[in-house]
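S.K.: So I've got this file, work_30.tsv, and it contains TSV, C-alpha atoms and all ligand atoms:
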```
chain	number	residue	atom	x	y	z
A	15	MET	CA	66.73	66.92	122.22
A	16	LYS	CA	64.46	69.96	121.91
A	17	LYS	CA	66.28	73.15	122.85
A	18	ALA	CA	64.87	76.67	123.02
A	19	VAL	CA	66.14	80.13	123.84
A	20	TYR	CA	64.06	82.70	125.74
A	21	PRO	CA	65.57	86.13	125.16
A	22	GLY	CA	64.74	89.32	127.03
A	23	THR	CA	66.00	92.26	128.98
A	24	PHE	CA	64.72	90.92	132.32
A	25	ASP	CA	65.15	94.29	134.01
A	26	PRO	CA	64.03	92.77	136.38
A	27	ILE	CA	62.45	89.32	136.03
A	28	THR	CA	58.74	89.32	137.01
A	29	PHE	CA	56.15	86.63	137.73
A	30	GLY	CA	55.03	87.16	134.11
A	31	HIS	CA	58.44	86.04	132.84
A	32	LEU	CA	58.50	83.16	135.35
A	33	ASP	CA	55.10	82.00	134.14
A	34	ILE	CA	56.43	81.80	130.56
A	35	ILE	CA	59.64	80.09	131.74
A	36	GLU	CA	57.68	77.49	133.71
A	37	ARG	CA	55.39	76.64	130.80
A	38	ALA	CA	58.16	76.64	128.18
A	39	ALA	CA	60.34	74.41	130.38
A	40	LYS	CA	57.58	71.79	130.27
A	41	VAL	CA	57.54	71.53	126.47
A	42	VAL	CA	61.28	71.60	125.71
A	43	ASP	CA	64.13	69.49	127.01
A	44	GLU	CA	66.42	72.44	127.59
A	45	LEU	CA	65.56	76.11	127.97
A	46	ILE	CA	68.30	78.71	127.66
A	47	ILE	CA	67.36	82.11	129.03
A	48	GLY	CA	69.27	84.85	127.21
A	49	ILE	CA	69.80	88.17	128.95
A	50	LEU	CA	70.26	90.87	126.37
A	51	ALA	CA	73.30	92.85	127.51
A	52	ASN	CA	72.90	95.99	125.45
A	53	SER	CA	69.26	96.67	124.78
A	54	LYS	CA	68.90	99.42	122.18
A	55	LYS	CA	65.37	100.09	123.44
A	56	LYS	CA	66.13	101.46	126.86
A	57	ILE	CA	68.91	101.84	129.39
A	58	PRO	CA	68.44	99.07	131.97
A	59	LEU	CA	68.08	99.94	135.64
A	60	PHE	CA	69.91	96.81	136.78
A	61	THR	CA	73.40	95.78	135.67
A	62	ILE	CA	73.97	92.54	133.81
A	63	GLU	CA	75.38	90.98	136.98
A	64	GLU	CA	72.32	92.02	138.98
A	65	ARG	CA	69.87	90.75	136.35
A	66	LEU	CA	71.80	87.47	136.09
A	67	HIS	CA	71.79	87.07	139.87
A	68	MET	CA	68.03	87.70	140.13
A	69	LEU	CA	67.31	85.22	137.32
A	70	GLN	CA	69.59	82.56	138.80
A	71	GLU	CA	68.04	82.89	142.24
A	72	SER	CA	64.50	82.88	140.85
A	73	THR	CA	64.84	79.81	138.60
A	74	LYS	CA	66.67	77.43	140.94
A	75	GLN	CA	63.65	75.11	141.05
A	76	PHE	CA	63.98	74.20	137.36
A	77	SER	CA	66.43	71.49	136.37
A	78	ASN	CA	66.44	72.05	132.59
A	79	ILE	CA	67.19	75.78	132.54
A	80	SER	CA	70.42	77.65	131.99
A	81	ILE	CA	71.10	81.36	131.71
A	82	GLN	CA	73.44	83.16	129.32
A	83	VAL	CA	74.27	86.79	128.73
A	84	PHE	CA	74.27	87.72	125.06
A	85	ASP	CA	74.61	90.65	122.75
A	86	GLY	CA	73.27	90.97	119.24
A	87	MET	CA	70.74	88.86	117.40
A	88	THR	CA	68.62	86.17	119.03
A	89	VAL	CA	69.09	83.83	116.05
A	90	ASP	CA	72.84	83.91	116.72
A	91	LEU	CA	72.23	82.92	120.35
A	92	ALA	CA	69.98	80.10	119.13
A	93	ARG	CA	72.48	78.90	116.51
A	94	LYS	CA	75.37	79.01	118.99
A	95	ASN	CA	73.41	76.70	121.29
A	96	GLY	CA	71.99	74.44	118.60
A	97	ALA	CA	68.46	75.61	119.42
A	98	ARG	CA	65.71	75.72	116.79
A	99	LEU	CA	63.11	77.51	118.89
A	100	ILE	CA	62.79	81.03	120.23
A	101	ILE	CA	60.29	81.53	123.05
A	102	ARG	CA	58.44	84.82	123.51
A	103	GLY	CA	55.50	85.90	125.63
A	104	LEU	CA	52.39	87.74	124.45
A	105	ARG	CA	50.50	89.88	126.91
A	106	ALA	CA	48.12	91.93	124.80
A	107	VAL	CA	47.41	92.93	121.24
A	108	THR	CA	49.98	95.69	121.63
A	109	ASP	CA	52.76	93.06	121.95
A	110	PHE	CA	51.54	91.29	118.85
A	111	GLU	CA	52.61	93.73	116.16
A	112	SER	CA	56.21	94.11	117.25
A	113	GLU	CA	56.56	90.43	118.12
A	114	LEU	CA	55.23	89.43	114.71
A	115	GLN	CA	57.74	91.73	113.04
A	116	ILE	CA	60.64	90.38	115.11
A	117	SER	CA	59.69	86.76	114.49
A	118	GLN	CA	59.34	87.35	110.73
A	119	ALA	CA	62.73	89.08	110.64
A	120	ASN	CA	64.25	86.14	112.49
A	121	GLN	CA	62.56	83.76	110.07
A	122	GLN	CA	64.24	85.60	107.20
A	123	LEU	CA	67.60	85.45	108.93
A	124	ASP	CA	67.34	81.72	109.59
A	125	SER	CA	64.38	79.73	108.30
A	126	SER	CA	65.35	76.72	110.40
A	127	ILE	CA	64.54	78.63	113.61
A	128	ASP	CA	60.92	79.15	114.66
A	129	THR	CA	59.36	81.39	117.27
A	130	MET	CA	56.91	79.88	119.73
A	131	PHE	CA	54.58	82.25	121.59
A	132	PHE	CA	53.04	81.67	124.96
A	133	THR	CA	50.12	83.84	125.93
A	134	THR	CA	50.40	85.22	129.41
A	135	SER	CA	48.21	84.02	132.26
A	136	LEU	CA	45.45	86.61	132.72
A	137	GLU	CA	46.66	87.56	136.18
A	138	TYR	CA	49.96	88.79	134.68
A	139	ALA	CA	48.58	90.30	131.48
A	140	PHE	CA	49.24	93.87	132.68
A	141	LEU	CA	52.61	93.09	134.23
A	142	SER	CA	55.86	94.48	132.87
A	143	SER	CA	59.31	95.19	134.27
A	144	ALA	CA	58.61	98.90	133.65
A	145	ILE	CA	55.48	98.89	135.84
A	146	VAL	CA	57.33	97.09	138.63
A	147	LYS	CA	60.15	99.66	138.52
A	148	GLU	CA	57.66	102.50	138.68
A	149	MET	CA	55.84	100.95	141.64
A	150	ALA	CA	59.08	100.29	143.48
A	151	SER	CA	60.22	103.87	142.90
A	152	TYR	CA	57.17	105.03	144.91
A	153	GLY	CA	57.81	102.53	147.67
A	154	THR	CA	54.81	100.38	146.67
A	155	ASP	CA	54.74	96.74	147.78
A	156	ILE	CA	55.73	94.68	144.71
A	157	SER	CA	55.64	91.25	146.32
A	158	LEU	CA	52.61	90.18	144.23
A	159	PHE	CA	54.53	90.81	141.02
A	160	VAL	CA	58.14	89.70	141.41
A	161	PRO	CA	60.00	86.83	143.10
A	162	LYS	CA	61.76	87.41	146.44
A	163	PRO	CA	65.31	87.82	145.04
A	164	VAL	CA	64.06	90.83	143.05
A	165	ILE	CA	62.62	92.47	146.17
A	166	THR	CA	65.92	91.88	147.96
A	167	MET	CA	67.82	93.45	145.06
A	168	PHE	CA	65.52	96.50	144.98
A	169	SER	CA	65.91	97.04	148.70
A	170	GLN	CA	69.71	96.71	148.51
A	171	LYS	CA	69.94	99.06	145.58
A	172	PHE	CA	67.35	101.59	146.79
A	173	PRO	CA	67.14	101.28	150.56
A	174	ASP	CA	65.12	104.51	150.79
A	175	LEU	CA	62.62	103.65	148.09
A	176	VAL	CA	61.20	100.22	148.80
A	177	SER	CA	59.16	99.86	151.97
B	201	LIG	P1	62.24	92.62	125.76
B	201	LIG	O1	62.91	93.92	126.04
B	201	LIG	O2	62.97	91.72	124.82
B	201	LIG	O3	60.76	92.72	125.43
B	201	LIG	P2	61.42	91.73	128.34
B	201	LIG	O4	62.28	91.30	129.47
B	201	LIG	O5	60.60	92.97	128.55
B	201	LIG	O6	62.38	91.85	127.12
B	201	LIG	O7	60.46	90.54	127.90
B	201	LIG	C1	60.94	89.30	127.49
B	201	LIG	C2	59.80	88.45	126.99
B	201	LIG	O8	58.90	88.18	128.05
B	201	LIG	C3	58.95	89.11	125.90
B	201	LIG	O9	58.54	88.11	124.99
B	201	LIG	C4	57.77	89.65	126.65
B	201	LIG	O10	56.62	89.76	125.82
B	201	LIG	C5	57.59	88.57	127.70
B	201	LIG	N1	56.89	89.08	128.88
B	201	LIG	C6	57.21	90.14	129.65
B	201	LIG	N2	56.31	90.31	130.64
B	201	LIG	C7	55.38	89.34	130.48
B	201	LIG	C8	54.17	88.97	131.15
B	201	LIG	N3	53.69	89.69	132.19
B	201	LIG	N4	53.50	87.90	130.71
B	201	LIG	C9	53.94	87.21	129.64
B	201	LIG	N5	55.06	87.49	128.94
B	201	LIG	C10	55.77	88.54	129.36
```
What's the structure tokens form of this structure?
Ligand code: ADP
M.R.:
Amino acid sequence: MKKAVYPGTFDPITFGHLDIIERAAKVVDELIIGILANSKKKIPLFTIEERLHMLQESTKQFSNISIQVFDGMTVDLARKNGARLIIRGLRAVTDFESELQISQANQQLDSSIDTMFFTTSLEYAFLSSAIVKEMASYGTDISLFVPKPVITMFSQKFPDLVS
């Protein structure tokens, strides 16, 4: 049984994330999406409950996916679930350096766990949660970039912002 974890902030989930999820779900038996609760990088816009809700609603079509909230190291999430693979997405060269560093650190922490990278589809190469949040803050239509449950969440949270 091939299990993998796909960790991220998912603040919010975009079609770029979904593209990676869809492709990863085809090569593993079970994919566990891990929502990082306390990202040290940035303060999330959406709460854990909101991010979880958007992910659940956006991944209903997949039968081999589950979602967990976690805190701390990805290798610990993988170990806890008996997974030997970590999935990450690569958009551009800029992602490469930090992703390489993270995967090598994880390799040092647990050599039995490998990182598998999926390169993004070209149409989503520019797409990030940060860009979507910026667009939404100006009332720009984001329907090309995020699944419906994310648009609903934006409009509930910021009724004046999203058109
Ligand atoms: P993190 O804060 O851990 O980078 P993100 O939610 O921003 O969390 O991203 C989670 C993973 O999804 C990362 O591996 C990231 O490179 C990947 N990812 C994000 N956006 C895209 C995209 N448009 N195409 C492909 N992969 C993406």
S.K.: Let me make sure I understand: among A:Leu32, A:Ala39, A:Leu59, A:Val89, which one has the smallest atom-to-atom distance to A:Ala150 if we use only C-alpha atoms?
M.R.: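 Ranked by minimum distance to A:Ala150, first place goes to A:Leu59.
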S.K.: Smallest atom-to-atom distance to A:Ser80: which of A:Leu45, A:Met130, A:Ile27, A:Ile145, using only C-alpha atoms?
M.R.: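 Looking at the shortest contact to A:Ser80, the residue is A:Leu45.
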S.K.: Padding 4 Å on every side, please: axis-aligned box over the listed atoms of ligand LIG 201 (chain B), centre and edge lengths to one decimal in Å, as AutoDock Vina command-line options.
M.R.:
```
--center_x 58.2 --center_y 90.6 --center_z 128.5 --size_x 17.5 --size_y 14.7 --size_z 15.4
```
S.K.: Residues of chain A that have any atom at most 8 Å from an atom of ligand LIG 201 (chain B): could you tabulate them with the shortest-distance atom pair and the distance in Å to one decimal, using only C-alpha atoms and all ligand atoms, ordered by chain and increasing number, as a tab-separated table?
M.R.:
```
residue	atom	partner	partner_atom	distance
A:Tyr20	CA	B:LIG201	C2	7.3
A:Pro21	CA	B:LIG201	C1	6.1
A:Gly22	CA	B:LIG201	O6	3.5
A:Thr23	CA	B:LIG201	O4	3.9
A:Phe24	CA	B:LIG201	O4	3.8
A:Asp25	CA	B:LIG201	O4	6.1
A:Pro26	CA	B:LIG201	O4	7.3
A:Ile27	CA	B:LIG201	O4	6.9
A:Thr28	CA	B:LIG201	N2	6.9
A:Phe29	CA	B:LIG201	N3	6.8
A:Gly30	CA	B:LIG201	N3	3.4
A:His31	CA	B:LIG201	C10	5.0
A:Asp33	CA	B:LIG201	C9	7.0
A:Ile34	CA	B:LIG201	C9	6.0
A:Leu50	CA	B:LIG201	O2	7.5
A:Ser53	CA	B:LIG201	O1	7.0
A:Lys55	CA	B:LIG201	O1	7.1
A:Ile101	CA	B:LIG201	O9	7.1
A:Arg102	CA	B:LIG201	O9	3.6
A:Gly103	CA	B:LIG201	N5	3.7
A:Leu104	CA	B:LIG201	O10	4.9
A:Arg105	CA	B:LIG201	C9	5.1
A:Asp109	CA	B:LIG201	O10	6.4
A:Glu113	CA	B:LIG201	O9	7.5
A:Phe131	CA	B:LIG201	O9	7.8
A:Phe132	CA	B:LIG201	C9	7.3
A:Thr133	CA	B:LIG201	C9	6.3
A:Thr134	CA	B:LIG201	C9	4.1
A:Ser135	CA	B:LIG201	N4	6.7
A:Tyr138	CA	B:LIG201	N3	4.6
A:Ala139	CA	B:LIG201	N3	5.2
A:Phe140	CA	B:LIG201	N3	6.1
A:Leu141	CA	B:LIG201	N3	4.1
A:Ser142	CA	B:LIG201	N2	4.8
A:Ser143	CA	B:LIG201	O5	6.3
```
S.K.: Taking (71.6, 79.4, 120.7) in the coordinates of the supplied file, I want to know which residues reach to within 12 Å of it, counting only C-alpha atoms; could you give the answer as a count of residues only?
M.R.: 34
S.K.: Which distance in Å separates atom CA of A:Pro173 and atom CA of A:Lys56, to one decimal?
M.R.: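 Pair atom CA of A:Pro173 / atom CA of A:Lys56 returns 23.7 Å.
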S.K.: Mind giving me the straight-line distance from atom CA of A:Thr129 to atom CA of A:Ser117 in Å, one decimal?
M.R.: 6.1 Å
S.K.: Report, in Å with one decimal, the straight-line distance from atom CA of A:Ser169 to atom CA of A:Gly153.
M.R.: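 Taking atom CA of A:Ser169 as the start and atom CA of A:Gly153 as the end point, the length is 9.8 Å.
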S.K.: Identify which of the residues A:Met167, A:Val41, A:Ala51, A:Ile35 lies closest to A:Gln75, counting only C-alpha atoms when measuring atom-to-atom distances.
M.R.: A:Ile35
S.K.: Of the residues A:Ile62, A:Ile116, A:Met15, A:Ala144, which is the one nearest to A:Phe159, using all atoms listed in the file?
M.R.: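 Result for the nearest residue to A:Phe159: A:Ala144.
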